[in-house]
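Read the structure below first, then the notes.
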There are 2 protein chains.
Amino acid sequence: MNRREQIFQTSIKLMKNKGYVGTSMRDIASGMSIEAASLYNHIKGKEDILTDNCFELANKFIDSLNTILKSDEKPLDKLHTFISNHVNILVGNMDAAHVFLYEWKHLSEPHYSKFLSMRDEYEQGLRRILKDDESNNNFENSSYKMVVISVLSSLNAIEQWYKPDGEIKVEELCNILSKILINGIKEL
Amino acid sequence: MNRREQIFQTSIKLMKNKGYVGTSMRDIASGMSIEAASLYNHIKGKEDILTDNCFELANKFIDSLNTILKSDEKPLDKLHTFISNHVNILVGNMDAAHVFLYEWKHLSEPHYSKFLSMRDEYEQGLRRILKDDESNNNFENSSYKMVVISVLSSLNAIEQWYKPDGEIKVEELCNILSKILINGIKEL
DNA sequence: GTATAACTAACAAACGTTAGTATGTAATTG
DNA sequence: CAATTACATACTAACGTTTGTTAGTTATAC
């Protein structure tokens with residue numbers, strides 16, 4: 001593996017526990033058993049780590065969304081695919097996902113604004129998918145924001161408890177979450 | 001209002017935007033138009049702010065839970081009360097809730113462990129309420145953790161979008177969220 | 001005259017980062 | 001094949017700032 005990749009991976013693990021600001025370059029260096037100054041042979045600065053991580057994941061989510069929107073699946077199937085893709089991206093990048101979800105606010109401009117607009121694009125995409133599904137086209141308009149964020153929050157919460165090596169397989173995870181979200185907890 | 005309370009309120013607002021570590025004592029002081037050293041006439045140190053904030057809210061949640069558990073409501077009503085109480089605590093403390101939700105990891109021992117155990121107690125309480133509700137007693141055991149965290153995540157997400165002065169009233173908010181969670185998004 | 005609440009000045013430590021240098025290994029050249 | 005160049009990776013030392021905090025002092029109010 002690239003040395004730069006190793007630095008990213010080490011950093012992300014540390015930042016998951018202590019946050020972006022709370023993780024110093026010396027912490028990262030120490031995690032790799034080198035000196036802080038040595039890191040600068042491979043990255044331009046601390047913010048590289050956060051920026052790269054956030055946009056790598058953001059791009060994965062947006063790519064997934066665009067594929068779904070362009071597909072000719074039926075609306076309800078699109079929703080299932082959306083959930084499945086979202087879960088798989090999270091599960092495939094557990095540490096990175098945590099930093100992505102909770103540390104993006106420390107991005108500096110213009111990255112900060114760019115990130116927010118991508119997040120908005122993603123939320124609007126989910127909104128589009130929900131609206132196209134006629135089985136629930138009786139939402140009030142003011143409810144959509146709520147529904148979209150509720151769904152995304154439940155999905156993103158996976159990162160807090162899911163153990164990739166545990167007994168629950170990813171497909172199973174997607175199925176249960178789809179049921180919970182679409183049919184409610186009473187139908188599980 | 002107490003000067004100490006003013007400091008807390010100013011700090012929490014700043015920490016919501018820049019995080020606990022990213023907010024310096026000088027930032028806080030500047031927000032109150034005084035010098036950093038003056039803060040120490042009213043608080044013992046920076047961590048006071050985080051600790052007090054986190055446990056003030058944690059206690060509110062635990063108190064709410066215990067009241068519900070001791071009540072003689074029917075299980076489904078208990079769930080509704082749980083949701084309603086949770087939402088009301090969040091909405092009544094929007095800024096504080098954000099710091100509570102996302103900055104608690106910077107607590108130092110023994111506060112960190114205490115906080116985690118209180119969070120666990122709260123999650124177990126919701127689990128108890130869900131289990132007592134016979135209308136969904138067909139959960140698999142491994143699903144409870146998922147359901148509990150999904151529900152709490154959806155509720156906590158309120159803090160990200162809800163405007164207390166907007167058009168959606170709190171009661172309405174509780175009703176819609178209850179429906180989404182219990183009956184799923186297809187039934188809204 | 002005792003609190004309350006502010007100030008200035010300073011502290012040691014930690015921060016991100018730069019400069020300059022050493023070392024080994026791979027690639028290029030005579 | 002041997003000599004030389006280039007690159008990757010690490011180092012020590014230091015920089016200017018910012019950090020949380022303490023000490024000691026001053027002004028206002030009941």
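Please note that chains go A, B, ... in the order of the structure tokens, that every chain numbers its residues from 1, and that ligands are numbered from 1 in the order shown.
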Write out as a PyMOL selection string which residues come within 7 Å of region 40-50 of chain A when counting only C-alpha atoms (C1' of nucleotides), dropping same-chain ones fewer than 4 positions away. chain A and resi 4+8+54
Could you please take those selected residues and save N, CA, C and O atoms as a short mmCIF file (atom, residue, chain, number, x, y, z; two decimals), in the first residue's frame?
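Generated file (selection05.cif):
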data_model
loop_
_atom_site.label_atom_id
_atom_site.label_comp_id
_atom_site.auth_asym_id
_atom_site.auth_seq_id
_atom_site.Cartn_x
_atom_site.Cartn_y
_atom_site.Cartn_z
N ARG A 4 1.21 7.19 1.42
CA ARG A 4 0.19 8.21 1.60
C ARG A 4 -1.12 7.60 2.09
O ARG A 4 -1.78 8.12 2.99
N PHE A 8 -3.30 8.21 5.61
CA PHE A 8 -4.74 8.48 5.64
C PHE A 8 -5.45 7.52 6.57
O PHE A 8 -6.25 7.90 7.41
N CYS A 54 -13.31 13.19 2.95
CA CYS A 54 -14.71 13.60 2.81
C CYS A 54 -15.19 13.50 1.36
O CYS A 54 -16.28 13.01 1.10
#
Residues of chain A at most 8 Å from chain C: nearest atom pair and distance in Å, only C-alpha atoms (C1' of nucleotides), as a tab-separated table:
residue	atom	partner	partner_atom	distance
A:Ser24	CA	C:DC15	C1'	7.5
A:Met25	CA	C:DG16	C1'	7.4
A:Ala37	CA	C:DT17	C1'	7.9
A:Lys46	CA	C:DG16	C1'	7.8
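Atom pair CA of Asp52 (chain B) / CA of Asn17 (chain A) has a distance of 21.2 Å (rounded to one decimal).
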Pull the closest atom pair for each residue of chain D that gets at most 9 Å from chain A, along with the distance in Å to one decimal, counting only C-alpha atoms (C1' of nucleotides), ordering rows by chain and then ascending residue number, as a tab-separated table.
residue	atom	partner	partner_atom	distance
D:DA8	C1'	A:Asn41	CA	8.7
D:DT9	C1'	A:Asn41	CA	7.5
D:DA10	C1'	A:Ser38	CA	6.3
D:DC11	C1'	A:Glu35	CA	7.8
In Å to one decimal, how far is CA of Gly184 (chain A) from CA of Lys179 (chain B)?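 Value for the CA of Lys179 (chain B)-CA of Gly184 (chain A) distance: 8.2 Å.
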Could you list the residues in chain A lying within 8 Å of chain B, using only C-alpha atoms, and format the result as an NGL selection string? :A and (17-18 or 21-22 or 102 or 105-106 or 135-136 or 138-139 or 146-147 or 149-151 or 153-155 or 157-158 or 161 or 180-188)
Per DSSP on the backbone, what are the alpha helix (DSSP H) residues of region 8-117 of chain B, as a PyMOL selection string? chain B and resi 8-18+25-31+46-70+75-91+94-102+111-117
Å distance separating CA of Phe100 (chain A) from CA of Val87 (chain B), one decimal place: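 Between these atoms lies a distance of 25.9 Å.
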All residues 8 Å or closer to region 79-85 of chain A, only C-alpha atoms (C1' of nucleotides), same chain fewer than 2 positions away omitted, as a ChimeraX atom specification: /A:64-65,68,75-77,87-89,126,129-130,155,171,174,178
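Every protein, DNA or RNA residue with an atom at most 9 Å from Ala36 (chain A), where only C-alpha atoms (C1' of nucleotides) count and chain neighbours fewer than 6 positions away do not, is listed here: Ser24, Met25, Arg26, Asp27, Ile28, Ala29 and Ser30 of chain A.
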